[in-house]
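Here is the file model_7.pdb (PDB, C-alpha atoms (C1' of nucleotides)).
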ATOM      1  CA  MET A  22      -1.850-142.240  98.709  1.00  0.00           C
ATOM      2  CA  LYS A  23      -4.942-140.373  99.679  1.00  0.00           C
ATOM      3  CA  LEU A  24      -4.354-137.146 101.541  1.00  0.00           C
ATOM      4  CA  THR A  25      -6.902-134.501 102.378  1.00  0.00           C
ATOM      5  CA  GLU A  26      -6.003-130.942 101.534  1.00  0.00           C
ATOM      6  CA  LEU A  27      -5.995-130.132 105.243  1.00  0.00           C
ATOM      7  CA  LYS A  28      -3.488-132.862 106.052  1.00  0.00           C
ATOM      8  CA  ALA A  29      -1.307-131.745 103.172  1.00  0.00           C
ATOM      9  CA  ILE A  30      -1.277-128.243 104.586  1.00  0.00           C
ATOM     10  CA  LYS A  31      -0.563-129.472 108.102  1.00  0.00           C
ATOM     11  CA  LEU A  32       2.291-131.637 106.882  1.00  0.00           C
ATOM     12  CA  ALA A  33       3.799-128.799 104.873  1.00  0.00           C
ATOM     13  CA  GLU A  34       3.540-126.577 107.946  1.00  0.00           C
ATOM     14  CA  LEU A  35       5.269-129.164 110.078  1.00  0.00           C
ATOM     15  CA  PHE A  36       8.178-129.539 107.692  1.00  0.00           C
ATOM     16  CA  SER A  37       8.293-125.782 107.209  1.00  0.00           C
ATOM     17  CA  ALA A  38       9.014-125.507 110.889  1.00  0.00           C
ATOM     18  CA  LEU A  39      12.163-127.532 110.240  1.00  0.00           C
ATOM     19  CA  SER A  40      13.076-125.842 106.993  1.00  0.00           C
ATOM     20  CA  ASP A  41      15.304-123.113 108.342  1.00  0.00           C
ATOM     21  CA  THR A  42      18.897-123.299 109.528  1.00  0.00           C
ATOM     22  CA  SER A  43      18.275-121.247 112.649  1.00  0.00           C
ATOM     23  CA  ARG A  44      15.431-123.464 113.760  1.00  0.00           C
ATOM     24  CA  ILE A  45      17.411-126.602 112.982  1.00  0.00           C
ATOM     25  CA  ARG A  46      20.216-125.349 115.177  1.00  0.00           C
ATOM     26  CA  ILE A  47      17.782-124.407 117.928  1.00  0.00           C
ATOM     27  CA  ILE A  48      16.404-127.927 117.904  1.00  0.00           C
ATOM     28  CA  ALA A  49      19.883-129.426 117.852  1.00  0.00           C
ATOM     29  CA  MET A  50      20.749-127.411 120.951  1.00  0.00           C
ATOM     30  CA  LEU A  51      17.561-128.474 122.693  1.00  0.00           C
ATOM     31  CA  MET A  52      18.507-132.108 122.191  1.00  0.00           C
ATOM     32  CA  ASP A  53      20.995-131.612 125.014  1.00  0.00           C
ATOM     33  CA  GLY A  54      18.209-130.516 127.338  1.00  0.00           C
ATOM     34  CA  GLU A  55      16.176-127.418 128.030  1.00  0.00           C
ATOM     35  CA  LYS A  56      17.664-123.997 127.471  1.00  0.00           C
ATOM     36  CA  SER A  57      16.597-120.442 128.151  1.00  0.00           C
ATOM     37  CA  VAL A  58      15.933-118.076 125.278  1.00  0.00           C
ATOM     38  CA  ASN A  59      19.106-116.174 126.016  1.00  0.00           C
ATOM     39  CA  ALA A  60      21.207-119.326 126.267  1.00  0.00           C
ATOM     40  CA  LEU A  61      19.974-120.332 122.838  1.00  0.00           C
ATOM     41  CA  ALA A  62      20.650-116.886 121.437  1.00  0.00           C
ATOM     42  CA  GLN A  63      24.177-116.879 122.863  1.00  0.00           C
ATOM     43  CA  GLY A  64      24.888-120.359 121.582  1.00  0.00           C
ATOM     44  CA  LEU A  65      23.678-119.505 118.117  1.00  0.00           C
ATOM     45  CA  GLY A  66      24.976-115.977 117.800  1.00  0.00           C
ATOM     46  CA  MET A  67      21.480-114.638 117.260  1.00  0.00           C
ATOM     47  CA  THR A  68      19.602-111.868 119.004  1.00  0.00           C
ATOM     48  CA  ASP A  69      17.170-112.823 121.747  1.00  0.00           C
ATOM     49  CA  SER A  70      14.421-111.359 119.627  1.00  0.00           C
ATOM     50  CA  ALA A  71      15.163-113.450 116.566  1.00  0.00           C
ATOM     51  CA  VAL A  72      15.287-116.597 118.695  1.00  0.00           C
ATOM     52  CA  SER A  73      12.060-115.697 120.438  1.00  0.00           C
ATOM     53  CA  HIS A  74      10.339-115.188 117.121  1.00  0.00           C
ATOM     54  CA  GLN A  75      11.491-118.587 115.931  1.00  0.00           C
ATOM     55  CA  LEU A  76      10.516-120.296 119.165  1.00  0.00           C
ATOM     56  CA  ARG A  77       7.009-118.983 118.727  1.00  0.00           C
ATOM     57  CA  GLY A  78       6.700-120.833 115.427  1.00  0.00           C
ATOM     58  CA  LEU A  79       8.168-124.002 116.886  1.00  0.00           C
ATOM     59  CA  ARG A  80       5.770-123.760 119.801  1.00  0.00           C
ATOM     60  CA  GLN A  81       2.771-123.360 117.532  1.00  0.00           C
ATOM     61  CA  MET A  82       3.869-126.461 115.639  1.00  0.00           C
ATOM     62  CA  HIS A  83       4.180-128.279 118.975  1.00  0.00           C
ATOM     63  CA  LEU A  84       7.822-128.990 118.342  1.00  0.00           C
ATOM     64  CA  VAL A  85       8.985-127.266 121.508  1.00  0.00           C
ATOM     65  CA  ARG A  86       7.442-126.558 124.874  1.00  0.00           C
ATOM     66  CA  ALA A  87       8.015-123.667 127.241  1.00  0.00           C
ATOM     67  CA  ARG A  88       8.473-123.666 131.005  1.00  0.00           C
ATOM     68  CA  LYS A  89       8.555-120.386 132.810  1.00  0.00           C
ATOM     69  CA  ALA A  90      10.877-119.983 135.786  1.00  0.00           C
ATOM     70  CA  GLY A  91      11.133-116.542 137.225  1.00  0.00           C
ATOM     71  CA  ARG A  92      11.745-114.184 134.388  1.00  0.00           C
ATOM     72  CA  GLN A  93      13.339-116.794 132.240  1.00  0.00           C
ATOM     73  CA  VAL A  94      11.580-119.192 129.917  1.00  0.00           C
ATOM     74  CA  PHE A  95      13.135-122.560 129.343  1.00  0.00           C
ATOM     75  CA  TYR A  96      12.396-124.405 126.165  1.00  0.00           C
ATOM     76  CA  CYS A  97      12.654-128.099 125.469  1.00  0.00           C
ATOM     77  CA  LEU A  98      11.629-130.427 122.677  1.00  0.00           C
ATOM     78  CA  ASP A  99       7.941-131.191 122.915  1.00  0.00           C
ATOM     79  CA  ASP A 100       8.307-134.956 122.506  1.00  0.00           C
ATOM     80  CA  ASP A 101      10.794-137.426 121.100  1.00  0.00           C
ATOM     81  CA  HIS A 102       8.837-137.488 117.876  1.00  0.00           C
ATOM     82  CA  VAL A 103      10.707-134.333 117.025  1.00  0.00           C
ATOM     83  CA  ALA A 104      14.104-135.850 117.702  1.00  0.00           C
ATOM     84  CA  LYS A 105      13.138-138.870 115.616  1.00  0.00           C
ATOM     85  CA  LEU A 106      12.157-136.726 112.648  1.00  0.00           C
ATOM     86  CA  PHE A 107      15.370-134.815 113.074  1.00  0.00           C
ATOM     87  CA  HIS A 108      17.543-137.916 113.137  1.00  0.00           C
ATOM     88  CA  MET A 109      15.752-139.494 110.225  1.00  0.00           C
ATOM     89  CA  GLY A 110      16.449-136.327 108.289  1.00  0.00           C
ATOM     90  CA  LEU A 111      20.096-136.526 109.291  1.00  0.00           C
ATOM     91  CA  ASP A 112      20.253-140.107 108.059  1.00  0.00           C
ATOM     92  CA  HIS A 113      19.045-138.984 104.671  1.00  0.00           C
ATOM     93  CA  VAL A 114      21.520-136.106 104.595  1.00  0.00           C
ATOM     94  CA  ASN A 115      24.356-138.419 105.637  1.00  0.00           C
ATOM     95  CA  HIS A 116      23.294-140.336 102.583  1.00  0.00           C
ATOM     96  CA  GLY A 117      21.872-143.365 104.342  1.00  0.00           C
TER
ATOM     97  CA  MET B  20      23.776-132.042 120.021  1.00  0.00           C
ATOM     98  CA  LYS B  21      26.731-131.054 117.921  1.00  0.00           C
ATOM     99  CA  LEU B  22      25.899-130.135 114.356  1.00  0.00           C
ATOM    100  CA  THR B  23      28.214-128.605 111.807  1.00  0.00           C
ATOM    101  CA  GLU B  24      26.940-125.578 109.957  1.00  0.00           C
ATOM    102  CA  LEU B  25      26.986-127.580 106.726  1.00  0.00           C
ATOM    103  CA  LYS B  26      24.809-130.342 108.172  1.00  0.00           C
ATOM    104  CA  ALA B  27      22.403-127.759 109.531  1.00  0.00           C
ATOM    105  CA  ILE B  28      22.089-126.250 106.070  1.00  0.00           C
ATOM    106  CA  LYS B  29      21.629-129.651 104.441  1.00  0.00           C
ATOM    107  CA  LEU B  30      18.967-130.619 106.947  1.00  0.00           C
ATOM    108  CA  ALA B  31      17.113-127.364 106.454  1.00  0.00           C
ATOM    109  CA  GLU B  32      17.255-127.900 102.697  1.00  0.00           C
ATOM    110  CA  LEU B  33      15.894-131.393 103.042  1.00  0.00           C
ATOM    111  CA  PHE B  34      12.937-130.287 105.132  1.00  0.00           C
ATOM    112  CA  SER B  35      12.435-127.293 102.873  1.00  0.00           C
ATOM    113  CA  ALA B  36      11.835-129.732 100.071  1.00  0.00           C
ATOM    114  CA  LEU B  37       8.891-131.043 102.080  1.00  0.00           C
ATOM    115  CA  SER B  38       7.689-127.663 103.257  1.00  0.00           C
ATOM    116  CA  ASP B  39       5.258-126.915 100.479  1.00  0.00           C
ATOM    117  CA  THR B  40       1.741-128.226  99.940  1.00  0.00           C
ATOM    118  CA  SER B  41       2.261-128.877  96.242  1.00  0.00           C
ATOM    119  CA  ARG B  42       5.352-130.945  96.858  1.00  0.00           C
ATOM    120  CA  ILE B  43       3.684-132.821  99.696  1.00  0.00           C
ATOM    121  CA  ARG B  44       0.858-133.750  97.378  1.00  0.00           C
ATOM    122  CA  ILE B  45       3.262-134.756  94.638  1.00  0.00           C
ATOM    123  CA  ILE B  46       5.004-137.085  97.056  1.00  0.00           C
ATOM    124  CA  ALA B  47       1.702-138.470  98.283  1.00  0.00           C
ATOM    125  CA  MET B  48       0.749-139.304  94.696  1.00  0.00           C
ATOM    126  CA  LEU B  49       4.095-140.946  94.056  1.00  0.00           C
ATOM    127  CA  MET B  50       3.512-143.265  96.985  1.00  0.00           C
ATOM    128  CA  ASP B  51       1.099-145.138  94.739  1.00  0.00           C
ATOM    129  CA  GLY B  52       3.864-145.696  92.195  1.00  0.00           C
ATOM    130  CA  GLU B  53       5.579-143.764  89.441  1.00  0.00           C
ATOM    131  CA  LYS B  54       3.704-141.088  87.532  1.00  0.00           C
ATOM    132  CA  SER B  55       4.428-138.928  84.520  1.00  0.00           C
ATOM    133  CA  VAL B  56       4.714-135.187  84.896  1.00  0.00           C
ATOM    134  CA  ASN B  57       1.398-134.667  83.173  1.00  0.00           C
ATOM    135  CA  ALA B  58      -0.340-137.304  85.296  1.00  0.00           C
ATOM    136  CA  LEU B  59       0.863-135.493  88.398  1.00  0.00           C
ATOM    137  CA  ALA B  60      -0.237-132.147  87.030  1.00  0.00           C
ATOM    138  CA  GLN B  61      -3.683-133.504  86.174  1.00  0.00           C
ATOM    139  CA  GLY B  62      -4.060-135.159  89.531  1.00  0.00           C
ATOM    140  CA  LEU B  63      -3.088-132.021  91.386  1.00  0.00           C
ATOM    141  CA  GLY B  64      -4.764-129.410  89.230  1.00  0.00           C
ATOM    142  CA  MET B  65      -1.468-127.723  88.524  1.00  0.00           C
ATOM    143  CA  THR B  66       0.173-126.776  85.257  1.00  0.00           C
ATOM    144  CA  ASP B  67       2.798-129.111  83.824  1.00  0.00           C
ATOM    145  CA  SER B  68       5.283-126.311  84.191  1.00  0.00           C
ATOM    146  CA  ALA B  69       4.667-125.738  87.868  1.00  0.00           C
ATOM    147  CA  VAL B  70       4.957-129.465  88.547  1.00  0.00           C
ATOM    148  CA  SER B  71       8.136-129.713  86.514  1.00  0.00           C
ATOM    149  CA  HIS B  72       9.653-126.863  88.463  1.00  0.00           C
ATOM    150  CA  GLN B  73       8.852-128.562  91.750  1.00  0.00           C
ATOM    151  CA  LEU B  74      10.111-131.938  90.574  1.00  0.00           C
ATOM    152  CA  ARG B  75      13.435-130.352  89.807  1.00  0.00           C
ATOM    153  CA  GLY B  76      13.798-129.331  93.443  1.00  0.00           C
ATOM    154  CA  LEU B  77      12.730-132.747  94.669  1.00  0.00           C
ATOM    155  CA  ARG B  78      15.217-134.370  92.298  1.00  0.00           C
ATOM    156  CA  GLN B  79      18.063-132.190  93.514  1.00  0.00           C
ATOM    157  CA  MET B  80      17.204-133.190  97.067  1.00  0.00           C
ATOM    158  CA  HIS B  81      17.230-136.850  95.988  1.00  0.00           C
ATOM    159  CA  LEU B  82      13.664-137.278  97.092  1.00  0.00           C
ATOM    160  CA  VAL B  83      12.445-138.389  93.678  1.00  0.00           C
ATOM    161  CA  ARG B  84      14.047-140.088  90.713  1.00  0.00           C
ATOM    162  CA  ALA B  85      13.263-139.729  87.017  1.00  0.00           C
ATOM    163  CA  ARG B  86      12.954-142.394  84.340  1.00  0.00           C
ATOM    164  CA  LYS B  87      12.599-141.309  80.760  1.00  0.00           C
ATOM    165  CA  ALA B  88      10.375-143.355  78.453  1.00  0.00           C
ATOM    166  CA  GLY B  89       9.836-141.918  75.028  1.00  0.00           C
ATOM    167  CA  ARG B  90       8.869-138.341  75.455  1.00  0.00           C
ATOM    168  CA  GLN B  91       7.442-138.870  78.875  1.00  0.00           C
ATOM    169  CA  VAL B  92       9.346-138.767  82.139  1.00  0.00           C
ATOM    170  CA  PHE B  93       8.142-140.917  84.959  1.00  0.00           C
ATOM    171  CA  TYR B  94       8.926-139.943  88.505  1.00  0.00           C
ATOM    172  CA  CYS B  95       9.047-142.107  91.582  1.00  0.00           C
ATOM    173  CA  LEU B  96      10.205-141.709  95.171  1.00  0.00           C
ATOM    174  CA  ASP B  97      13.960-142.052  95.369  1.00  0.00           C
ATOM    175  CA  ASP B  98      13.957-144.457  98.303  1.00  0.00           C
ATOM    176  CA  ASP B  99      11.697-145.510 101.144  1.00  0.00           C
ATOM    177  CA  HIS B 100      13.512-143.104 103.400  1.00  0.00           C
ATOM    178  CA  VAL B 101      11.292-140.460 101.899  1.00  0.00           C
ATOM    179  CA  ALA B 102       8.097-142.343 102.602  1.00  0.00           C
ATOM    180  CA  LYS B 103       9.273-142.940 106.160  1.00  0.00           C
ATOM    181  CA  LEU B 104       9.900-139.250 106.763  1.00  0.00           C
ATOM    182  CA  PHE B 105       6.530-138.522 105.258  1.00  0.00           C
ATOM    183  CA  HIS B 106       4.698-141.004 107.451  1.00  0.00           C
ATOM    184  CA  MET B 107       6.513-139.899 110.553  1.00  0.00           C
ATOM    185  CA  GLY B 108       5.406-136.369 109.768  1.00  0.00           C
ATOM    186  CA  LEU B 109       1.845-137.590 109.349  1.00  0.00           C
ATOM    187  CA  ASP B 110       2.006-139.281 112.728  1.00  0.00           C
ATOM    188  CA  HIS B 111       2.957-136.004 114.324  1.00  0.00           C
ATOM    189  CA  VAL B 112       0.205-134.162 112.491  1.00  0.00           C
ATOM    190  CA  ASN B 113      -2.338-136.806 113.471  1.00  0.00           C
ATOM    191  CA  HIS B 114      -1.172-135.957 116.943  1.00  0.00           C
ATOM    192  CA  GLY B 115       0.553-139.249 117.685  1.00  0.00           C
TER
ATOM    193  C1'  DA C  12      11.382-132.466  57.005  1.00  0.00           C
ATOM    194  C1'  DT C  13       7.218-130.928  59.526  1.00  0.00           C
ATOM    195  C1'  DA C  14       3.884-131.130  62.971  1.00  0.00           C
ATOM    196  C1'  DA C  15       2.560-132.563  67.375  1.00  0.00           C
ATOM    197  C1'  DT C  16       3.446-133.894  72.086  1.00  0.00           C
ATOM    198  C1'  DA C  17       5.887-134.101  76.769  1.00  0.00           C
ATOM    199  C1'  DT C  18       8.883-131.977  79.594  1.00  0.00           C
ATOM    200  C1'  DA C  19      12.234-128.395  80.956  1.00  0.00           C
ATOM    201  C1'  DT C  20      13.780-123.822  81.665  1.00  0.00           C
ATOM    202  C1'  DG C  21      14.269-118.640  82.265  1.00  0.00           C
ATOM    203  C1'  DA C  22      12.341-114.327  83.455  1.00  0.00           C
ATOM    204  C1'  DA C  23       8.917-111.805  85.842  1.00  0.00           C
ATOM    205  C1'  DT C  24       5.891-111.180  89.550  1.00  0.00           C
ATOM    206  C1'  DA C  25       3.326-111.668  93.769  1.00  0.00           C
ATOM    207  C1'  DT C  26       3.572-113.661  98.077  1.00  0.00           C
ATOM    208  C1'  DC C  27       5.890-115.433 102.019  1.00  0.00           C
ATOM    209  C1'  DT C  28       9.657-115.447 105.525  1.00  0.00           C
ATOM    210  C1'  DG C  29      13.506-114.130 108.772  1.00  0.00           C
ATOM    211  C1'  DT C  30      15.764-110.597 110.897  1.00  0.00           C
ATOM    212  C1'  DT C  31      16.139-106.078 112.999  1.00  0.00           C
ATOM    213  C1'  DC C  32      14.654-102.359 115.718  1.00  0.00           C
ATOM    214  C1'  DA C  33      11.633-100.316 118.859  1.00  0.00           C
ATOM    215  C1'  DT C  34       8.619-101.186 122.333  1.00  0.00           C
ATOM    216  C1'  DA C  35       5.647-103.856 125.546  1.00  0.00           C
ATOM    217  C1'  DT C  36       4.982-107.183 129.276  1.00  0.00           C
ATOM    218  C1'  DA C  37       6.389-109.663 133.201  1.00  0.00           C
ATOM    219  C1'  DT C  38       9.325-110.615 137.063  1.00  0.00           C
ATOM    220  C1'  DT C  39      12.889-109.706 140.439  1.00  0.00           C
ATOM    221  C1'  DC C  40      15.579-106.713 143.252  1.00  0.00           C
ATOM    222  C1'  DA C  41      16.725-102.514 145.761  1.00  0.00           C
TER
ATOM    223  C1'  DT D  30       7.695 -97.643 143.964  1.00  0.00           C
ATOM    224  C1'  DG D  31      11.305 -97.659 140.569  1.00  0.00           C
ATOM    225  C1'  DA D  32      15.264 -99.760 138.105  1.00  0.00           C
ATOM    226  C1'  DA D  33      16.920-103.757 135.926  1.00  0.00           C
ATOM    227  C1'  DT D  34      16.432-108.076 133.490  1.00  0.00           C
ATOM    228  C1'  DA D  35      14.254-111.775 130.402  1.00  0.00           C
ATOM    229  C1'  DT D  36      11.202-112.557 127.000  1.00  0.00           C
ATOM    230  C1'  DA D  37       7.562-111.342 123.676  1.00  0.00           C
ATOM    231  C1'  DT D  38       5.548-108.764 120.050  1.00  0.00           C
ATOM    232  C1'  DG D  39       4.559-105.604 115.996  1.00  0.00           C
ATOM    233  C1'  DA D  40       6.066-103.132 112.029  1.00  0.00           C
ATOM    234  C1'  DA D  41       9.186-102.762 108.364  1.00  0.00           C
ATOM    235  C1'  DC D  42      12.475-104.242 105.210  1.00  0.00           C
ATOM    236  C1'  DA D  43      15.334-107.515 102.518  1.00  0.00           C
ATOM    237  C1'  DG D  44      15.732-111.792 100.590  1.00  0.00           C
ATOM    238  C1'  DA D  45      13.612-116.225  99.256  1.00  0.00           C
ATOM    239  C1'  DT D  46      10.007-118.871  96.811  1.00  0.00           C
ATOM    240  C1'  DA D  47       5.969-120.635  93.853  1.00  0.00           C
ATOM    241  C1'  DT D  48       3.498-119.834  90.034  1.00  0.00           C
ATOM    242  C1'  DT D  49       2.695-118.080  85.360  1.00  0.00           C
ATOM    243  C1'  DC D  50       3.880-117.237  80.729  1.00  0.00           C
ATOM    244  C1'  DA D  51       6.769-117.675  76.893  1.00  0.00           C
ATOM    245  C1'  DT D  52      10.003-120.400  74.882  1.00  0.00           C
ATOM    246  C1'  DA D  53      13.380-124.220  74.307  1.00  0.00           C
ATOM    247  C1'  DT D  54      14.552-129.102  73.880  1.00  0.00           C
ATOM    248  C1'  DA D  55      13.618-133.798  72.888  1.00  0.00           C
ATOM    249  C1'  DT D  56      10.921-137.446  70.986  1.00  0.00           C
ATOM    250  C1'  DT D  57       7.437-139.499  68.083  1.00  0.00           C
ATOM    251  C1'  DA D  58       4.372-139.612  64.108  1.00  0.00           C
ATOM    252  C1'  DT D  59       2.991-138.238  59.408  1.00  0.00           C
TER
END

Let me see whether you can do it: turn the structure in this file into structure tokens.
Amino acid sequence: MKLTELKAIKLAELFSALSDTSRIRIIAMLMDGEKSVNALAQGLGMTDSAVSHQLRGLRQMHLVRARKAGRQVFYCLDDDHVAKLFHMGLDHVNHG
Amino acid sequence: MKLTELKAIKLAELFSALSDTSRIRIIAMLMDGEKSVNALAQGLGMTDSAVSHQLRGLRQMHLVRARKAGRQVFYCLDDDHVAKLFHMGLDHVNHG
DNA sequence: ATAATATATGAATATCTGTTCATATATTCA
DNA sequence: TGAATATATGAACAGATATTCATATATTAT
């Protein structure tokens, strides 16, 4: 298959965004609907800061989207593309 | 979504396997059919050693499979699951 | 057996990555 | 305005990772 160097880099970046346990768990939580940074941090046993740092990367990859409400920021999955990728990955892991 | 810690780790490992430009390009080449280690190295401008190291990781993740023929080893994608993940990633990158 | 070839592997190194800690920004409340 | 809260950001450090180089293993050919 033909693949420009740029696309190869973009693809690697996309999968990199999913290549960490913390981010995987963030995305899994967001599948139940939007959550604030703190709610995510609480749910995952991480500091707000660590979660915020990770969300930045996910945002840049367009995997999550932010909505500001007062002083909170609620994050949700950017589109169902993300969930599809996630589930397809799970299928592979579950040895499908 | 509920996700055991083990599954989260497995998922992250799977996507990690796709999180590097070299491996992405290896997989892209293998979409055209099986290739020897040296053929991959030539095609990618990498050393045989570097490619071999990466193939080991891809093998352990069950993303590629090896077939030995004489002193050569031919690699191919393990199943079409891999190609599907790859293409779905491309869709996202191509902003679908 | 010896040489040559294809791949694999281990150690070393340079780079990248995730978390922490301190601090900044923004918003609400008193 | 000033205190409190939610999130973001930068620097620094520890741990992971990809490549290189040297070497090992396995197979074929002479």

**Message:** If the PyMOL selection byres ((chain C and resi 27-37) around 12) were run on this exact file, what residues would it hold? Put them as an NGL selection string.
**Reply:** (:A and (37-38 or 40-44 or 67-75 or 78 or 89-94)) or (:B and (39)) or (:C and (25-26 or 38-39)) or (:D and (34-47))

Output of the above residues as a compact mmCIF listing (two decimals), in the coordinates of the input, restricted to C-alpha atoms (C1' of nucleotides):
# COMPACT_ATOMS: atom_id res chain seq x y z
CA SER A 37 8.29 -125.78 107.21
CA ALA A 38 9.01 -125.51 110.89
CA SER A 40 13.08 -125.84 106.99
CA ASP A 41 15.30 -123.11 108.34
CA THR A 42 18.90 -123.30 109.53
CA SER A 43 18.27 -121.25 112.65
CA ARG A 44 15.43 -123.46 113.76
CA MET A 67 21.48 -114.64 117.26
CA THR A 68 19.60 -111.87 119.00
CA ASP A 69 17.17 -112.82 121.75
CA SER A 70 14.42 -111.36 119.63
CA ALA A 71 15.16 -113.45 116.57
CA VAL A 72 15.29 -116.60 118.70
CA SER A 73 12.06 -115.70 120.44
CA HIS A 74 10.34 -115.19 117.12
CA GLN A 75 11.49 -118.59 115.93
CA GLY A 78 6.70 -120.83 115.43
CA LYS A 89 8.56 -120.39 132.81
CA ALA A 90 10.88 -119.98 135.79
CA GLY A 91 11.13 -116.54 137.22
CA ARG A 92 11.74 -114.18 134.39
CA GLN A 93 13.34 -116.79 132.24
CA VAL A 94 11.58 -119.19 129.92
CA ASP B 39 5.26 -126.92 100.48
C1' DA C 25 3.33 -111.67 93.77
C1' DT C 26 3.57 -113.66 98.08
C1' DT C 38 9.32 -110.62 137.06
C1' DT C 39 12.89 -109.71 140.44
C1' DT D 34 16.43 -108.08 133.49
C1' DA D 35 14.25 -111.78 130.40
C1' DT D 36 11.20 -112.56 127.00
C1' DA D 37 7.56 -111.34 123.68
C1' DT D 38 5.55 -108.76 120.05
C1' DG D 39 4.56 -105.60 116.00
C1' DA D 40 6.07 -103.13 112.03
C1' DA D 41 9.19 -102.76 108.36
C1' DC D 42 12.48 -104.24 105.21
C1' DA D 43 15.33 -107.52 102.52
C1' DG D 44 15.73 -111.79 100.59
C1' DA D 45 13.61 -116.22 99.26
C1' DT D 46 10.01 -118.87 96.81
C1' DA D 47 5.97 -120.64 93.85

**Message:** Only residues of chain D matter here; which ones have an atom within 10 Å of chain B, counting only C-alpha atoms (C1' of nucleotides)? Give them as a ChimeraX atom specification.
**Reply:** /D:47-50,55-57

**Asked** How many Å lie between CA of Leu35 (chain A) and CA of Met82 (chain A), rounded to one decimal?
**Response**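 Computed distance, CA of Leu35 (chain A) to CA of Met82 (chain A), equals 6.3 Å.
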
Between chain B and chain A, at 8 Å or less, what are the per-residue closest atom pairs and their distances in Å? Count all atoms listed in the file, order by chain and rising residue number, and return it as JSON lines.
{"residue": "B:Met20", "atom": "CA", "partner": "A:Ala49", "partner_atom": "CA", "distance": 5.2}
{"residue": "B:Lys21", "atom": "CA", "partner": "A:Ala49", "partner_atom": "CA", "distance": 7.0}
{"residue": "B:Leu22", "atom": "CA", "partner": "A:Ala49", "partner_atom": "CA", "distance": 7.0}
{"residue": "B:Lys26", "atom": "CA", "partner": "A:Val114", "partner_atom": "CA", "distance": 7.5}
{"residue": "B:Ala27", "atom": "CA", "partner": "A:Thr42", "partner_atom": "CA", "distance": 5.7}
{"residue": "B:Ile28", "atom": "CA", "partner": "A:Thr42", "partner_atom": "CA", "distance": 5.6}
{"residue": "B:Lys29", "atom": "CA", "partner": "A:Val114", "partner_atom": "CA", "distance": 6.5}
{"residue": "B:Leu30", "atom": "CA", "partner": "A:Gly110", "partner_atom": "CA", "distance": 6.4}
{"residue": "B:Ala31", "atom": "CA", "partner": "A:Ser40", "partner_atom": "CA", "distance": 4.3}
{"residue": "B:Glu32", "atom": "CA", "partner": "A:Ser40", "partner_atom": "CA", "distance": 6.3}
{"residue": "B:Leu33", "atom": "CA", "partner": "A:Gly110", "partner_atom": "CA", "distance": 7.2}
{"residue": "B:Phe34", "atom": "CA", "partner": "A:Ser40", "partner_atom": "CA", "distance": 4.8}
{"residue": "B:Ser35", "atom": "CA", "partner": "A:Ser40", "partner_atom": "CA", "distance": 4.4}
{"residue": "B:Leu37", "atom": "CA", "partner": "A:Phe36", "partner_atom": "CA", "distance": 5.9}
{"residue": "B:Ser38", "atom": "CA", "partner": "A:Ala33", "partner_atom": "CA", "distance": 4.4}
{"residue": "B:Asp39", "atom": "CA", "partner": "A:Ala33", "partner_atom": "CA", "distance": 5.0}
{"residue": "B:Thr40", "atom": "CA", "partner": "A:Ala33", "partner_atom": "CA", "distance": 5.4}
{"residue": "B:Ile43", "atom": "CA", "partner": "A:Ala29", "partner_atom": "CA", "distance": 6.2}
{"residue": "B:Arg44", "atom": "CA", "partner": "A:Ala29", "partner_atom": "CA", "distance": 6.5}
{"residue": "B:Ala47", "atom": "CA", "partner": "A:Met22", "partner_atom": "CA", "distance": 5.2}
{"residue": "B:Met48", "atom": "CA", "partner": "A:Met22", "partner_atom": "CA", "distance": 5.6}
{"residue": "B:Leu49", "atom": "CA", "partner": "A:Met22", "partner_atom": "CA", "distance": 7.7}
{"residue": "B:Met50", "atom": "CA", "partner": "A:Met22", "partner_atom": "CA", "distance": 5.7}
{"residue": "B:Asp51", "atom": "CA", "partner": "A:Met22", "partner_atom": "CA", "distance": 5.7}
{"residue": "B:His100", "atom": "CA", "partner": "A:His113", "partner_atom": "CA", "distance": 7.0}
{"residue": "B:Leu104", "atom": "CA", "partner": "A:Leu106", "partner_atom": "CA", "distance": 6.8}
{"residue": "B:Met107", "atom": "CA", "partner": "A:Leu106", "partner_atom": "CA", "distance": 6.8}
{"residue": "B:Gly108", "atom": "CA", "partner": "A:Leu32", "partner_atom": "CA", "distance": 6.4}
{"residue": "B:Leu109", "atom": "CA", "partner": "A:Leu32", "partner_atom": "CA", "distance": 6.5}
{"residue": "B:His111", "atom": "CA", "partner": "A:His102", "partner_atom": "CA", "distance": 7.0}
{"residue": "B:Val112", "atom": "CA", "partner": "A:Lys31", "partner_atom": "CA", "distance": 6.5}

**Asked** Any idea what's packed within 7 Å of Val85 (chain A), counting only C-alpha atoms (C1' of nucleotides), ignoring anything in its chain fewer than 2 positions away? Could you give it as a ChimeraX atom specification?
**Response** /A:79-80,83,87,96-99

Could you save the residues just selected, with C-alpha atoms, as a PDB file, in the coordinates of the input?
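Produced file selection.pdb, reproduced below:
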ATOM      1  CA  LEU A  79       8.168-124.002 116.886  1.00  0.00           C
ATOM      2  CA  ARG A  80       5.770-123.760 119.801  1.00  0.00           C
ATOM      3  CA  HIS A  83       4.180-128.279 118.975  1.00  0.00           C
ATOM      4  CA  ALA A  87       8.015-123.667 127.241  1.00  0.00           C
ATOM      5  CA  TYR A  96      12.396-124.405 126.165  1.00  0.00           C
ATOM      6  CA  CYS A  97      12.654-128.099 125.469  1.00  0.00           C
ATOM      7  CA  LEU A  98      11.629-130.427 122.677  1.00  0.00           C
ATOM      8  CA  ASP A  99       7.941-131.191 122.915  1.00  0.00           C
TER       9      ASP A  99
END

**Message:** Quick check, in Å to one decimal: how far apart do CA of Lys56 (chain A) and CA of Leu76 (chain A) lie?
**Reply:** 11.6 Å

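A straight line drawn from CA of Ala60 (chain A) to CA of Asp101 (chain A) is 21.5 Å long.
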
**Message:** Translate the PyMOL selection byres ((chain C) within 12 of (chain B)) into a concrete residue list for this structure, as an MDAnalysis selection string.
**Reply:** chainID C and resid 15:21 27
